[in-house]
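Chemist: To be precise about what I am sending: the file is called input_6.csv and holds CSV, C-alpha atoms.
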chain,number,residue,atom,x,y,z
A,1,MET,CA,7.3,-2.9,-12.7
A,2,LEU,CA,4.0,-3.2,-10.8
A,3,ARG,CA,1.2,-2.4,-13.2
A,4,PHE,CA,-2.5,-1.7,-12.5
A,5,SER,CA,-5.4,-1.9,-14.8
A,6,PRO,CA,-7.4,1.4,-14.9
A,7,THR,CA,-10.3,-0.3,-13.2
A,8,ALA,CA,-8.2,-1.7,-10.4
A,9,TRP,CA,-6.6,1.6,-9.9
A,10,ALA,CA,-9.9,3.4,-9.8
A,11,LYS,CA,-11.1,0.9,-7.2
A,12,LEU,CA,-8.0,1.4,-5.1
A,13,LEU,CA,-8.4,5.2,-5.1
A,14,PHE,CA,-12.1,4.8,-4.1
A,15,LEU,CA,-11.3,2.5,-1.2
A,16,ARG,CA,-8.4,4.7,-0.1
A,17,ASP,CA,-10.5,7.9,0.1
A,18,TYR,CA,-13.8,6.4,1.4
A,19,GLY,CA,-12.8,6.4,5.0
A,20,GLU,CA,-10.3,8.2,7.3
A,21,THR,CA,-8.2,5.2,8.2
A,22,GLU,CA,-5.8,2.9,6.5
A,23,VAL,CA,-7.3,0.1,4.5
A,24,GLY,CA,-5.6,-3.1,3.1
A,25,GLY,CA,-6.1,-6.0,0.8
A,26,PHE,CA,-4.6,-8.3,-1.8
A,27,GLY,CA,-3.9,-7.7,-5.4
A,28,ILE,CA,-5.4,-10.1,-7.9
A,29,THR,CA,-3.2,-10.6,-10.9
A,30,ALA,CA,-3.3,-11.9,-14.4
A,31,SER,CA,-2.2,-15.5,-14.9
A,32,GLU,CA,0.3,-14.5,-17.6
A,33,ASP,CA,1.7,-11.5,-15.7
A,34,LEU,CA,2.0,-11.8,-11.9
A,35,LEU,CA,2.9,-8.1,-11.5
A,36,PHE,CA,-0.2,-6.9,-13.4
A,37,VAL,CA,-3.0,-6.1,-10.9
A,38,ARG,CA,-6.4,-6.5,-12.5
A,39,ASP,CA,-8.4,-6.3,-9.3
A,40,LEU,CA,-8.0,-6.1,-5.6
A,41,LYS,CA,-9.9,-7.7,-2.8
A,42,LEU,CA,-10.5,-6.7,0.8
A,43,VAL,CA,-10.7,-9.0,3.8
A,44,ARG,CA,-12.4,-8.3,7.1
A,45,GLN,CA,-10.1,-6.0,9.0
A,46,VAL,CA,-9.9,-3.6,11.9
A,47,CYS,CA,-8.3,-0.3,10.8
A,48,SER,CA,-7.1,2.9,12.4
A,49,TRP,CA,-5.3,6.0,11.1
A,50,ALA,CA,-2.0,4.0,11.5
A,51,HIS,CA,-2.9,0.3,11.7
A,52,VAL,CA,-4.5,-2.5,9.7
A,53,ALA,CA,-5.2,-5.9,11.2
A,54,PHE,CA,-6.6,-8.6,9.0
A,55,GLU,CA,-8.9,-11.4,10.4
A,56,ASP,CA,-7.2,-14.7,9.8
A,57,ASP,CA,-10.5,-16.5,9.0
A,58,SER,CA,-11.4,-13.9,6.4
A,59,VAL,CA,-8.0,-14.2,4.7
A,60,ALA,CA,-8.5,-18.0,4.5
A,61,ASP,CA,-12.0,-17.5,3.1
A,62,LEU,CA,-10.6,-15.2,0.4
A,63,PHE,CA,-7.9,-17.7,-0.6
A,64,ASP,CA,-10.4,-20.6,-0.8
A,65,GLU,CA,-12.7,-18.5,-3.0
A,66,GLN,CA,-9.9,-17.6,-5.4
A,67,VAL,CA,-8.7,-21.2,-5.6
A,68,ASP,CA,-12.3,-22.3,-6.4
A,69,ALA,CA,-12.3,-19.6,-9.1
A,70,GLY,CA,-9.3,-21.3,-10.7
A,71,LEU,CA,-6.6,-19.0,-9.7
A,72,ARG,CA,-3.1,-20.1,-8.5
A,73,PRO,CA,-1.9,-18.9,-5.0
A,74,GLU,CA,0.7,-16.6,-6.6
A,75,GLN,CA,-2.2,-14.7,-8.4
A,76,PHE,CA,-3.9,-13.6,-5.2
A,77,GLY,CA,-1.6,-14.1,-2.2
A,78,ARG,CA,1.7,-12.3,-3.1
A,79,ILE,CA,0.8,-8.6,-3.5
A,80,TRP,CA,0.0,-7.1,-0.1
A,81,MET,CA,-1.4,-3.6,-0.5
A,82,HIS,CA,-2.6,-0.9,1.9
A,83,THR,CA,-3.1,2.8,2.1
A,84,HIS,CA,-1.6,5.5,4.3
A,85,PRO,CA,-4.0,8.4,5.2
A,86,GLY,CA,-1.0,10.9,5.2
A,87,ASN,CA,1.3,12.0,2.5
A,88,CYS,CA,4.1,9.6,3.1
A,89,PRO,CA,4.0,6.1,1.4
A,90,LEU,CA,7.1,4.7,3.0
A,91,PRO,CA,6.5,1.6,5.2
A,92,SER,CA,6.4,2.0,8.9
A,93,PRO,CA,8.3,-0.4,11.3
A,94,THR,CA,5.1,-2.3,11.8
A,95,ASP,CA,4.6,-2.6,8.0
A,96,GLU,CA,8.1,-4.1,7.8
A,97,GLN,CA,7.5,-6.5,10.7
A,98,THR,CA,4.2,-7.6,9.2
A,99,PHE,CA,5.7,-8.1,5.7
A,100,ALA,CA,8.6,-10.2,7.1
A,101,ARG,CA,6.4,-12.3,9.3
A,102,VAL,CA,3.5,-13.0,6.9
A,103,PHE,CA,5.4,-13.1,3.5
A,104,GLY,CA,8.9,-14.1,4.6
A,105,GLN,CA,8.4,-17.8,3.7
A,106,ALA,CA,6.9,-17.1,0.3
A,107,GLU,CA,9.2,-17.4,-2.8
A,108,TRP,CA,8.5,-13.8,-3.6
A,109,ALA,CA,6.1,-11.0,-2.5
A,110,VAL,CA,5.3,-7.4,-3.1
A,111,MET,CA,4.5,-4.7,-0.5
A,112,PHE,CA,2.6,-1.8,-2.1
A,113,ILE,CA,1.5,1.4,-0.3
A,114,LEU,CA,-0.5,4.2,-1.6
A,115,ALA,CA,-0.7,7.5,0.4
A,116,ARG,CA,-3.6,9.8,0.5
A,117,GLY,CA,-1.5,12.5,-1.1
A,118,GLY,CA,-0.9,10.4,-4.2
A,119,LYS,CA,2.7,9.1,-3.7
A,120,SER,CA,3.2,5.3,-3.8
A,121,TYR,CA,5.8,2.7,-2.7
A,122,ALA,CA,6.3,-0.7,-4.2
A,123,ARG,CA,9.0,-3.2,-3.1
A,124,LEU,CA,9.6,-6.7,-4.5
A,125,GLN,CA,11.1,-9.2,-2.0
A,126,MET,CA,12.7,-12.3,-3.4
A,127,ASN,CA,13.1,-14.9,-0.7
A,128,SER,CA,14.4,-17.9,-2.7
A,129,GLY,CA,18.1,-18.5,-3.4
A,130,PRO,CA,20.4,-15.6,-2.3
A,131,GLY,CA,17.3,-13.4,-2.0
A,132,ALA,CA,16.9,-9.8,-3.1
A,133,SER,CA,14.9,-6.7,-2.2
A,134,LEU,CA,14.3,-3.9,-4.6
A,135,ARG,CA,12.0,-0.9,-5.2
A,136,ILE,CA,10.0,-1.2,-8.4
A,137,PRO,CA,8.2,1.5,-10.3
A,138,VAL,CA,4.4,1.6,-10.4
A,139,GLU,CA,2.3,2.3,-13.6
A,140,ILE,CA,-1.3,2.4,-14.5
A,141,ASP,CA,-1.6,0.6,-17.8
A,142,TYR,CA,-4.0,2.6,-19.9
A,143,SER,CA,-3.6,0.2,-22.8
A,144,GLN,CA,-5.9,-2.1,-20.9
A,145,SER,CA,-9.7,-1.6,-21.1
A,146,PHE,CA,-11.5,0.4,-18.4
A,147,THR,CA,-14.6,-1.4,-17.5
A,148,GLY,CA,-16.0,1.6,-15.5
A,149,CYS,CA,-16.5,2.5,-11.9
A,150,ASP,CA,-18.8,0.4,-9.7
A,151,HIS,CA,-19.1,2.7,-6.7
A,152,GLU,CA,-22.1,0.8,-5.2
A,153,SER,CA,-20.2,-2.5,-5.2
A,154,TRP,CA,-17.0,-1.0,-4.0
A,155,GLU,CA,-18.8,0.8,-1.1
A,156,SER,CA,-20.5,-2.5,-0.1
A,157,GLU,CA,-17.2,-4.3,-0.1
A,158,TYR,CA,-15.7,-1.6,2.1
A,159,LEU,CA,-18.6,-1.5,4.6
A,160,THR,CA,-18.7,-5.3,4.8
A,161,HIS,CA,-15.0,-5.7,5.5
A,162,VAL,CA,-13.6,-2.6,7.2
A,163,GLN,CA,-14.2,-1.8,10.9
A,164,SER,CA,-12.6,1.6,11.7
A,165,HIS,CA,-11.3,3.0,15.0
A,166,ASN,CA,-10.6,6.7,15.3
A,167,SER,CA,-7.3,8.1,16.4
A,168,LYS,CA,-8.6,9.1,19.9
A,169,THR,CA,-9.5,5.5,20.7
A,170,LEU,CA,-6.2,4.4,19.3
A,171,PHE,CA,-4.2,6.6,21.6
A,172,ASN,CA,-6.3,6.0,24.6
A,173,ASN,CA,-5.4,2.3,24.2
A,174,GLN,CA,-1.7,3.4,23.9
A,175,ASP,CA,-1.3,1.5,20.7
A,176,GLU,CA,2.5,1.1,20.1
A,177,ASP,CA,2.0,0.5,16.4
A,178,ALA,CA,0.5,4.0,16.1
A,179,VAL,CA,3.4,5.6,17.9
A,180,ASP,CA,5.9,3.8,15.7
A,181,PHE,CA,4.0,4.8,12.6
A,182,LEU,CA,3.7,8.5,13.6
A,183,GLU,CA,7.4,8.7,14.4
A,184,ASN,CA,8.2,7.2,11.1
A,185,GLU,CA,5.7,9.4,9.2
A,186,PHE,CA,7.1,12.7,10.7
A,187,ARG,CA,10.7,11.6,10.3
A,188,PHE,CA,10.4,10.9,6.6
A,189,ASP,CA,8.3,14.1,6.0
A,190,LEU,CA,11.1,16.1,7.7
A,191,TRP,CA,13.7,14.3,5.7
A,192,ASP,CA,11.9,15.1,2.4
A,193,GLU,CA,11.7,18.8,3.4
A,194,THR,CA,15.3,18.9,4.4
A,195,ASP,CA,16.4,17.2,1.2
A,196,ASP,CA,14.4,19.6,-0.9
A,197,LEU,CA,16.0,22.5,0.9
A,198,LEU,CA,19.5,21.2,0.4
A,199,SER,CA,18.8,20.7,-3.3
A,200,GLN,CA,17.6,24.2,-3.7
A,201,THR,CA,20.7,25.5,-1.8
A,202,GLN,CA,23.0,23.5,-4.0
A,203,ARG,CA,21.3,24.8,-7.2
A,204,GLN,CA,21.7,28.3,-6.0
A,205,GLU,CA,25.4,27.8,-5.1
A,206,LYS,CA,26.0,26.5,-8.7
A,207,LEU,CA,24.3,29.5,-10.1
A,208,ASN,CA,26.4,31.8,-7.9
A,209,ASP,CA,29.6,30.0,-9.0
A,210,HIS,CA,28.6,30.4,-12.7
A,211,ASP,CA,27.9,34.1,-12.2
A,212,ASP,CA,31.4,34.6,-10.6
Please rewrite the model in this file as structure tokens.

Modeler:
Amino acid sequence: MLRFSPTAWAKLLFLRDYGETEVGGFGITASEDLLFVRDLKLVRQVCSWAHVAFEDDSVADLFDEQVDAGLRPEQFGRIWMHTHPGNCPLPSPTDEQTFARVFGQAEWAVMFILARGGKSYARLQMNSGPGASLRIPVEIDYSQSFTGCDHESWESEYLTHVQSHNSKTLFNNQDEDAVDFLENEFRFDLWDETDDLLSQTQRQEKLNDHDD
């Protein structure tokens, strides 16, 4: 299970909703529980409605800062998280390519996505031994203390690290990543609607059979 402290979750919601684009960062975990996110950190990035690109130098700077603070690499470099402005949290083809390319050599890693509509997606990838890939549940651990919101600090972190491009500019540049994501977004939304309709039909058929 991927768990968030109430403060980390509040910060994630703030960053998700502050702008109109995707935004991404790294989960910072507790030393005794590497799937408990107690904070998250942004790096400098260029974002659009369907794309996040981290600056390599900024990622390196973040990793150096965390090591200097006494954290181990698995506490800050294994949980990749980003948001989707729509309602679908499922990873796009570009998300999958990025996850495989960047985290494919790590012993393990997590891809976490939070959609604007509230749905989330978390997948644990084990790359050592025979390997494994599995969806894991997400929980906000309210047994942990809530240290309060720090909107001013979170806003400053966002404005310092996130450079946004609107959708019009994105499509004028014929960004293939955006096309891939949009096709993926609409396909899964349609599948969800179809699945709901089938479930309703099946329930009605069972009721009709019972009445007969």

Chemist: Using all atoms listed in the file, I'd like a table of the residues in region 65-139 of chain A that come within 12 Å of region 44-56 of chain A; for each, show the closest atom pair and its distance in Å rounded to one decimal, ordered by chain and ascending number, as JSON lines.

Modeler:
{"residue": "A:Trp80", "atom": "CA", "partner": "A:Phe54", "partner_atom": "CA", "distance": 11.3}
{"residue": "A:Met81", "atom": "CA", "partner": "A:Val52", "partner_atom": "CA", "distance": 10.7}
{"residue": "A:His82", "atom": "CA", "partner": "A:Val52", "partner_atom": "CA", "distance": 8.2}
{"residue": "A:Thr83", "atom": "CA", "partner": "A:Val52", "partner_atom": "CA", "distance": 9.4}
{"residue": "A:His84", "atom": "CA", "partner": "A:Ala50", "partner_atom": "CA", "distance": 7.4}
{"residue": "A:Pro85", "atom": "CA", "partner": "A:Trp49", "partner_atom": "CA", "distance": 6.5}
{"residue": "A:Gly86", "atom": "CA", "partner": "A:Trp49", "partner_atom": "CA", "distance": 8.8}
{"residue": "A:Cys88", "atom": "CA", "partner": "A:Ala50", "partner_atom": "CA", "distance": 11.8}
{"residue": "A:Pro89", "atom": "CA", "partner": "A:Ala50", "partner_atom": "CA", "distance": 11.9}
{"residue": "A:Pro91", "atom": "CA", "partner": "A:Ala50", "partner_atom": "CA", "distance": 10.8}
{"residue": "A:Ser92", "atom": "CA", "partner": "A:Ala50", "partner_atom": "CA", "distance": 9.0}
{"residue": "A:Pro93", "atom": "CA", "partner": "A:Ala50", "partner_atom": "CA", "distance": 11.2}
{"residue": "A:Thr94", "atom": "CA", "partner": "A:His51", "partner_atom": "CA", "distance": 8.4}
{"residue": "A:Asp95", "atom": "CA", "partner": "A:His51", "partner_atom": "CA", "distance": 8.9}
{"residue": "A:Thr98", "atom": "CA", "partner": "A:Ala53", "partner_atom": "CA", "distance": 9.8}
{"residue": "A:Val102", "atom": "CA", "partner": "A:Phe54", "partner_atom": "CA", "distance": 11.2}
{"residue": "A:Ala115", "atom": "CA", "partner": "A:Ala50", "partner_atom": "CA", "distance": 11.7}
{"residue": "A:Arg116", "atom": "CA", "partner": "A:Trp49", "partner_atom": "CA", "distance": 11.4}

Chemist: Which one of A:Val110, A:Phe76, A:Glu96, A:Gly148 sits closest to Arg135 (chain A) if you count only C-alpha atoms?

Modeler: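 Of A:Val110, A:Phe76, A:Glu96, A:Gly148, the one nearest Arg135 (chain A) is A:Val110, counting only C-alpha atoms.
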
Chemist: Expressed in Å to a single decimal, how great is the separation between CA of Thr21 (chain A) and CA of Val162 (chain A)?

Modeler: 9.5 Å

Chemist: Please measure the separation of CA of Val43 (chain A) and CA of Pro73 (chain A), giving the value in Å to one decimal.

Modeler: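 One can read the CA of Val43 (chain A) to CA of Pro73 (chain A) distance as 15.9 Å.
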
Chemist: Could you list, as number ranges by chain, every residue within 6 Å of Thr29 (chain A), counting all atoms listed in the file and ignoring same-chain residues fewer than 5 positions away?

Modeler: A: 34, 36-38, 75

Chemist: Counting all atoms listed in the file, which of A:Ala122, A:Val67, A:Leu40, A:Ala109 gets nearest to Trp9 (chain A)?

Modeler: A:Leu40

Chemist: Which residue, A:Leu114, A:Trp154, A:Gln144, A:Trp108, has the smallest gap to Gly129 (chain A) when you use only C-alpha atoms?

Modeler: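 Among A:Leu114, A:Trp154, A:Gln144, A:Trp108, it is A:Trp108 that comes nearest to Gly129 (chain A).
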
Chemist: Which value, in Å to one decimal, gives the distance between CA of Ala30 (chain A) and CA of Val59 (chain A)?

Modeler: 19.8 Å

Chemist: Using only C-alpha atoms, which residue out of A:Ile28, A:Lys41, A:Pro6, A:Asp61 lies closest to Tyr158 (chain A)?

Modeler: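 That would be A:Lys41, the residue with the smallest distance to Tyr158 (chain A).
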
Chemist: Residues around (7.5, -14.3, 4.3), cut-off 12 Å, counting all atoms listed in the file - what are they as a ChimeraX atom specification?

Modeler: /A:77-80,96-111,124-128,131

Chemist: With all atoms of region 149-158 of chain A from the file as input, state the centre and edge lengths in Å to one decimal of the axis-aligned box that has 5 Å extra on each side, as JSON.

Modeler:
{"center_x": -18.9, "center_y": -0.8, "center_z": -4.9, "size_x": 16.4, "size_y": 17.0, "size_z": 24.0}

Chemist: Find the residue from A:Leu13, A:Leu35, A:Leu42, A:Ala8 that sits nearest to Glu157 (chain A); use all atoms listed in the file when measuring.

Modeler: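 Looking only at the distances to Glu157 (chain A), the closest residue turns out to be A:Leu42.
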
Chemist: So, counting all atoms listed in the file, which residue among A:Ser120, A:Thr147, A:Gln66, A:Thr160 is closest to Ala10 (chain A)?

Modeler: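 Counting all atoms listed in the file, the residue closest to Ala10 (chain A) is A:Thr147.
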